[in-house]
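**Student:** Here it is, the structure, as structure tokens.
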Amino acid sequence: MKTILLDLKLFIILIIFSVLLFVFDNLGFLNFPKSLLQTLTIPVQFGLYKNSTNFKKQFTFIIEARKASLENNALKQQLALISAENATLQKKIKDTEDLVDQYNKLNPQTFDLIPARVLGVERYVILDKGINDGVVESQAVVYKDNYLGQTKNVTPKTSQVILATDPESKIAVFSQGSLGRAKGILTGEFGSEMLMDKILHEEVVNVDDLVYSEGTEGKLPKGLVMGKVTEVMERQNEIFKQAKVEPIFKLVDLDTVFLIK
Amino acid sequence: MIPLIFILILFSFLQEAFLPFNLVLLALVSRAFVVTEKENYYLAFIFGLILSFLAGYPLGSLSIIYLILVLIIHIFRKIQFAHHPVVVIPVAVVALLVDQLARSLMLGSNIELGQIPVQIILVIPVYFAVLLWEERFIVRKEIKLKVGK
């Protein structure tokens, strides 16, 4: 009890001191000692404040650097995705352009076309469209109005194409030049050339004449460009003359081709 | 006592410079809770004075508040359940609210309650640090060994 009373006495004394200080300070009596003390404390407070600000800046820099690194990685991934997307879109644009080009050459109202991609080129060319897409055997494969070949073995998802340059390929054709026209049979030769045979001597065929399909084969329409005459072979003692024909487009250089239904 | 005073001076400068916590008040509340000695009044008076000086409040204003808080805690400590360490948390909350209220009245600003939850968490380590210091590192005159018969 005695200690509590002593403590209370001390408490009251300190409260009175505090009240006095409060009153004196409000009256401005303590301004001089306060300003003296502040000359000591303000540099300390300023130093602490400045250091804390610098520390915060450093800390913020580390956080920002980490955030920037994460953001950089995310952006790189995003850029890679956008690049891939861009490549796909470019391919789609190219496909669309090819399709539009194709429709401009072959009227879609006359020809029902199936676009197909080239999957591989060996003796036969493999396309990514098959029975499931409506492809059947002996369909003409074209690019613009140029004949490339015709389908042979068709599976549900792929189809093989015999090129016009293949020895198996025999198509009735005619050549058309400024001086006249000639009929013949176009046979493939191993390599990149074709031979236009059975041309009558009286018929006119010249180098650079374009060769077109006759359209006598079942699914092959008339007027498709087969190639260009590169050489005319003529002998007096033979009944027919021949001409070497070179295709205008090489299938290896093409991405998208079209099948005529 | 001297190390505690130095630590409290350091806390005063730190909290008035950049720390958003009232570490001095938490230490004063914790000490008043651990030991009911008259030194608590001296500490409340001196550090109330230092804090009001550093923060630019009228001198003695915080001293009055801290002295009253210490007296209330000393009286509160006489109640049986108040000896439990968990009780320091609501006591600290009241002390922090009173301090905030006083500061906002003096500055004429709104009460900032945002930092109070963090300080409530902070009072637990402060309390145990003070308890450890006062029980293990301070020698008291009244501690006497009992010699068995």
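Residues in the structure tokens are named by chain (A, B, ... in the order shown) and by number from 1 within that chain; ligands are numbered from 1 in the order shown.
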Residues at most 10 Å from stretch 240-254 of chain A, counting only C-alpha atoms, excluding those fewer than 6 positions away in the same chain, as a PyMOL selection string?
**Tutor:** chain A and resi 117-118+120-122+125+142-144+146-149+163-165+175+184-189+192-203+205-211+225-234
**Student:** Identify all residues of stretch 82-131 of chain B in alpha helix (DSSP H) (DSSP on the backbone) and supply them as JSON, numbers by chain.
**Tutor:** {"B": [88, 89, 90, 91, 92, 93, 94, 95, 96, 97, 98, 99, 100, 101, 102, 103, 104, 105, 106, 107, 116, 117, 118, 119, 120, 121, 122, 123, 124, 125, 126, 127, 128, 129, 130, 131]}
**Student:** Could you turn the residues from that selection into a file that holds N, CA and C atoms, as a short mmCIF file (atom, residue, chain, number, x, y, z; two decimals), in the first residue's frame?
**Tutor:**
data_model
loop_
_atom_site.label_atom_id
_atom_site.label_comp_id
_atom_site.auth_asym_id
_atom_site.auth_seq_id
_atom_site.Cartn_x
_atom_site.Cartn_y
_atom_site.Cartn_z
N VAL B 88 -1.76 -8.52 -22.63
CA VAL B 88 -0.98 -7.37 -23.12
C VAL B 88 -1.51 -6.89 -24.48
N ILE B 89 -2.11 -7.79 -25.24
CA ILE B 89 -2.58 -7.41 -26.60
C ILE B 89 -3.72 -6.38 -26.53
N PRO B 90 -4.84 -6.70 -25.83
CA PRO B 90 -5.89 -5.65 -25.75
C PRO B 90 -5.42 -4.37 -25.07
N VAL B 91 -4.53 -4.54 -24.07
CA VAL B 91 -3.99 -3.34 -23.39
C VAL B 91 -3.22 -2.49 -24.39
N ALA B 92 -2.39 -3.16 -25.21
CA ALA B 92 -1.61 -2.43 -26.23
C ALA B 92 -2.53 -1.76 -27.24
N VAL B 93 -3.60 -2.45 -27.61
CA VAL B 93 -4.55 -1.87 -28.59
C VAL B 93 -5.14 -0.58 -28.03
N VAL B 94 -5.57 -0.63 -26.75
CA VAL B 94 -6.14 0.57 -26.11
C VAL B 94 -5.10 1.69 -26.07
N ALA B 95 -3.87 1.32 -25.66
CA ALA B 95 -2.80 2.32 -25.56
C ALA B 95 -2.53 2.97 -26.91
N LEU B 96 -2.46 2.13 -27.97
CA LEU B 96 -2.19 2.65 -29.32
C LEU B 96 -3.31 3.56 -29.80
N LEU B 97 -4.56 3.17 -29.50
CA LEU B 97 -5.71 3.98 -29.90
C LEU B 97 -5.71 5.33 -29.21
N VAL B 98 -5.39 5.30 -27.90
CA VAL B 98 -5.33 6.55 -27.13
C VAL B 98 -4.24 7.46 -27.70
N ASP B 99 -3.07 6.85 -28.00
CA ASP B 99 -1.95 7.61 -28.57
C ASP B 99 -2.34 8.23 -29.91
N GLN B 100 -2.97 7.41 -30.75
CA GLN B 100 -3.41 7.89 -32.07
C GLN B 100 -4.41 9.04 -31.94
N LEU B 101 -5.35 8.86 -30.99
CA LEU B 101 -6.38 9.87 -30.76
C LEU B 101 -5.74 11.19 -30.32
N ALA B 102 -4.78 11.07 -29.39
CA ALA B 102 -4.10 12.27 -28.88
C ALA B 102 -3.34 12.97 -29.99
N ARG B 103 -2.61 12.18 -30.79
CA ARG B 103 -1.82 12.77 -31.88
C ARG B 103 -2.72 13.45 -32.91
N SER B 104 -3.85 12.75 -33.23
CA SER B 104 -4.75 13.34 -34.24
C SER B 104 -5.40 14.62 -33.71
N LEU B 105 -5.66 14.66 -32.40
CA LEU B 105 -6.23 15.87 -31.81
C LEU B 105 -5.24 17.02 -31.86
N MET B 106 -3.97 16.67 -31.60
CA MET B 106 -2.95 17.72 -31.59
C MET B 106 -2.66 18.24 -33.00
N LEU B 107 -2.70 17.32 -33.99
CA LEU B 107 -2.42 17.73 -35.38
C LEU B 107 -3.69 18.16 -36.10
N ILE B 116 -2.27 -0.20 -36.95
CA ILE B 116 -2.54 -0.81 -35.64
C ILE B 116 -2.49 -2.34 -35.68
N PRO B 117 -3.06 -3.01 -36.68
CA PRO B 117 -2.94 -4.49 -36.72
C PRO B 117 -1.49 -4.98 -36.70
N VAL B 118 -0.62 -4.31 -37.43
CA VAL B 118 0.79 -4.70 -37.47
C VAL B 118 1.42 -4.51 -36.08
N GLN B 119 1.05 -3.42 -35.43
CA GLN B 119 1.61 -3.13 -34.10
C GLN B 119 1.09 -4.12 -33.05
N ILE B 120 -0.13 -4.61 -33.27
CA ILE B 120 -0.68 -5.61 -32.35
C ILE B 120 0.17 -6.89 -32.43
N ILE B 121 0.54 -7.23 -33.67
CA ILE B 121 1.41 -8.42 -33.84
C ILE B 121 2.79 -8.14 -33.25
N LEU B 122 3.23 -6.89 -33.41
CA LEU B 122 4.58 -6.50 -32.96
C LEU B 122 4.69 -6.48 -31.43
N VAL B 123 3.57 -6.27 -30.74
CA VAL B 123 3.63 -6.15 -29.27
C VAL B 123 4.03 -7.48 -28.62
N ILE B 124 3.75 -8.60 -29.27
CA ILE B 124 4.07 -9.91 -28.68
C ILE B 124 5.59 -10.11 -28.56
N PRO B 125 6.36 -9.95 -29.68
CA PRO B 125 7.82 -10.07 -29.51
C PRO B 125 8.41 -9.00 -28.59
N VAL B 126 7.84 -7.79 -28.64
CA VAL B 126 8.36 -6.71 -27.76
C VAL B 126 8.13 -7.11 -26.29
N TYR B 127 6.96 -7.62 -26.00
CA TYR B 127 6.62 -8.03 -24.63
C TYR B 127 7.58 -9.11 -24.15
N PHE B 128 7.80 -10.14 -24.97
CA PHE B 128 8.68 -11.24 -24.55
C PHE B 128 10.14 -10.79 -24.46
N ALA B 129 10.54 -9.85 -25.32
CA ALA B 129 11.90 -9.31 -25.24
C ALA B 129 12.09 -8.57 -23.92
N VAL B 130 11.09 -7.75 -23.55
CA VAL B 130 11.16 -7.00 -22.28
C VAL B 130 11.13 -7.97 -21.09
N LEU B 131 10.27 -8.98 -21.18
CA LEU B 131 10.16 -9.98 -20.12
C LEU B 131 11.49 -10.70 -19.90
#
**Student:** Hey, which of B:Ile2, B:Gln115, B:Ser52, B:Lys38 ends up closest to B:Asn22? Count only C-alpha atoms.
**Tutor:**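 Using only C-alpha atoms, B:Asn22 sits closest to B:Gln115.
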**Student:** Any idea which chain A residues end up within 8 Å of chain B if we count only C-alpha atoms, as a list in words please?
**Tutor:**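 Going by the stated atoms only, the list reads Asp7, Leu10, Phe11, Leu14, Ile15, Phe17, Ser18, Val19, Leu20, Leu21, Phe22, Asp25, Asn26, Lys34, Thr41, Val44, Gln45, Phe46, Leu48, Tyr49 and Ser52 of chain A.
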**Student:** With N, CA and C atoms retained, write the just-selected residues as a PDB file, in the first residue's frame.
**Tutor:**
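File written: part.pdb
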ATOM      1  N   ASP A   7       4.228   5.677  -5.407  1.00  0.00           N
ATOM      2  CA  ASP A   7       4.156   5.723  -6.875  1.00  0.00           C
ATOM      3  C   ASP A   7       3.163   6.789  -7.322  1.00  0.00           C
ATOM      4  N   LEU A  10       4.686  10.151  -7.005  1.00  0.00           N
ATOM      5  CA  LEU A  10       5.612  10.377  -8.129  1.00  0.00           C
ATOM      6  C   LEU A  10       4.832  10.694  -9.399  1.00  0.00           C
ATOM      7  N   PHE A  11       3.753   9.940  -9.590  1.00  0.00           N
ATOM      8  CA  PHE A  11       2.902  10.133 -10.778  1.00  0.00           C
ATOM      9  C   PHE A  11       2.354  11.566 -10.820  1.00  0.00           C
ATOM     10  N   LEU A  14       5.068  14.073 -11.620  1.00  0.00           N
ATOM     11  CA  LEU A  14       5.440  14.058 -13.046  1.00  0.00           C
ATOM     12  C   LEU A  14       4.335  14.646 -13.924  1.00  0.00           C
ATOM     13  N   ILE A  15       3.093  14.405 -13.537  1.00  0.00           N
ATOM     14  CA  ILE A  15       1.963  14.981 -14.287  1.00  0.00           C
ATOM     15  C   ILE A  15       2.012  16.501 -14.184  1.00  0.00           C
ATOM     16  N   PHE A  17       4.631  18.338 -13.646  1.00  0.00           N
ATOM     17  CA  PHE A  17       5.768  18.765 -14.480  1.00  0.00           C
ATOM     18  C   PHE A  17       5.363  18.823 -15.946  1.00  0.00           C
ATOM     19  N   SER A  18       4.672  17.754 -16.357  1.00  0.00           N
ATOM     20  CA  SER A  18       4.251  17.671 -17.772  1.00  0.00           C
ATOM     21  C   SER A  18       3.305  18.810 -18.120  1.00  0.00           C
ATOM     22  N   VAL A  19       2.357  19.059 -17.211  1.00  0.00           N
ATOM     23  CA  VAL A  19       1.384  20.139 -17.455  1.00  0.00           C
ATOM     24  C   VAL A  19       2.107  21.480 -17.535  1.00  0.00           C
ATOM     25  N   LEU A  20       3.058  21.680 -16.636  1.00  0.00           N
ATOM     26  CA  LEU A  20       3.824  22.937 -16.635  1.00  0.00           C
ATOM     27  C   LEU A  20       4.592  23.102 -17.937  1.00  0.00           C
ATOM     28  N   LEU A  21       5.247  21.999 -18.337  1.00  0.00           N
ATOM     29  CA  LEU A  21       5.999  22.044 -19.611  1.00  0.00           C
ATOM     30  C   LEU A  21       5.060  22.358 -20.775  1.00  0.00           C
ATOM     31  N   PHE A  22       3.893  21.727 -20.743  1.00  0.00           N
ATOM     32  CA  PHE A  22       2.887  21.930 -21.792  1.00  0.00           C
ATOM     33  C   PHE A  22       2.484  23.404 -21.874  1.00  0.00           C
ATOM     34  N   ASP A  25       5.481  25.605 -22.890  1.00  0.00           N
ATOM     35  CA  ASP A  25       5.770  25.436 -24.330  1.00  0.00           C
ATOM     36  C   ASP A  25       4.740  26.175 -25.174  1.00  0.00           C
ATOM     37  N   ASN A  26       3.471  26.080 -24.752  1.00  0.00           N
ATOM     38  CA  ASN A  26       2.421  26.791 -25.500  1.00  0.00           C
ATOM     39  C   ASN A  26       2.586  28.299 -25.406  1.00  0.00           C
ATOM     40  N   LYS A  34      14.520  24.682 -26.855  1.00  0.00           N
ATOM     41  CA  LYS A  34      14.101  23.717 -27.886  1.00  0.00           C
ATOM     42  C   LYS A  34      14.924  23.893 -29.169  1.00  0.00           C
ATOM     43  N   THR A  41      19.429  17.453 -32.693  1.00  0.00           N
ATOM     44  CA  THR A  41      18.560  16.342 -33.098  1.00  0.00           C
ATOM     45  C   THR A  41      18.177  16.365 -34.578  1.00  0.00           C
ATOM     46  N   VAL A  44      20.474  14.436 -36.886  1.00  0.00           N
ATOM     47  CA  VAL A  44      20.327  12.984 -36.661  1.00  0.00           C
ATOM     48  C   VAL A  44      19.053  12.494 -37.351  1.00  0.00           C
ATOM     49  N   GLN A  45      17.967  13.242 -37.110  1.00  0.00           N
ATOM     50  CA  GLN A  45      16.683  12.844 -37.720  1.00  0.00           C
ATOM     51  C   GLN A  45      16.770  12.871 -39.251  1.00  0.00           C
ATOM     52  N   PHE A  46      17.429  13.927 -39.773  1.00  0.00           N
ATOM     53  CA  PHE A  46      17.550  14.055 -41.223  1.00  0.00           C
ATOM     54  C   PHE A  46      18.383  12.909 -41.806  1.00  0.00           C
ATOM     55  N   LEU A  48      18.856   9.936 -40.482  1.00  0.00           N
ATOM     56  CA  LEU A  48      18.070   8.691 -40.414  1.00  0.00           C
ATOM     57  C   LEU A  48      17.039   8.644 -41.535  1.00  0.00           C
ATOM     58  N   TYR A  49      16.396   9.787 -41.738  1.00  0.00           N
ATOM     59  CA  TYR A  49      15.364   9.853 -42.778  1.00  0.00           C
ATOM     60  C   TYR A  49      15.969   9.617 -44.161  1.00  0.00           C
ATOM     61  N   SER A  52      17.019   6.046 -44.559  1.00  0.00           N
ATOM     62  CA  SER A  52      15.846   5.176 -44.760  1.00  0.00           C
ATOM     63  C   SER A  52      15.320   5.315 -46.186  1.00  0.00           C
TER      64      SER A  52
END
**Student:** Would you mind telling me which residue in B:Asn110, B:Leu132, B:Phe47, B:Val35 lies nearest to B:Ile7 when using only C-alpha atoms?
**Tutor:** B:Phe47
**Student:** Could you pull the residues within 8 Å of stretch 128-133 of chain A, counting only C-alpha atoms, minus those fewer than 4 positions along the same chain, as a list in words?
**Tutor:**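 Residues near the query, excluding close chain neighbours: Ala116, Arg117, Val118, Leu119, Val154, Thr155, Pro156, Lys157, Thr158 and Ser159 of chain A.
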**Student:** If we count only C-alpha atoms, what is near A:Lys152 at a cut-off of 9 Å, once residues fewer than 6 positions away on the same chain are taken out, given as a PyMOL selection string?
**Tutor:** chain A and resi 124+136-139+159-162
**Student:** Between atom CA of A:Phe111 and atom CA of A:Ile260, measure the distance and give it in Å to one decimal.
**Tutor:**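 Calculated distance between atom CA of A:Phe111 and atom CA of A:Ile260 is 6.3 Å.
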**Student:** Rounded to one decimal place, report the atom CA of B:Phe21-atom CA of B:Phe33 distance in Å.
**Tutor:** 19.3 Å
**Student:** Apply DSSP to the backbone of this structure and, from stretch 47-165 of chain A, keep only the residues in strand (DSSP E or B); write these as JSON, numbers by chain.
**Tutor:** {"A": [113, 114, 115, 116, 117, 118, 119, 120, 121, 125, 126, 127, 140, 141, 142, 143, 146, 147, 148, 149, 150, 151, 152, 153, 154, 159, 160, 161, 162, 163]}
**Student:** Take atom CA of A:Gly28 and atom CA of B:Ile5 and report the distance between them in Å, one decimal.
**Tutor:**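 A separation of 28.4 Å between them.
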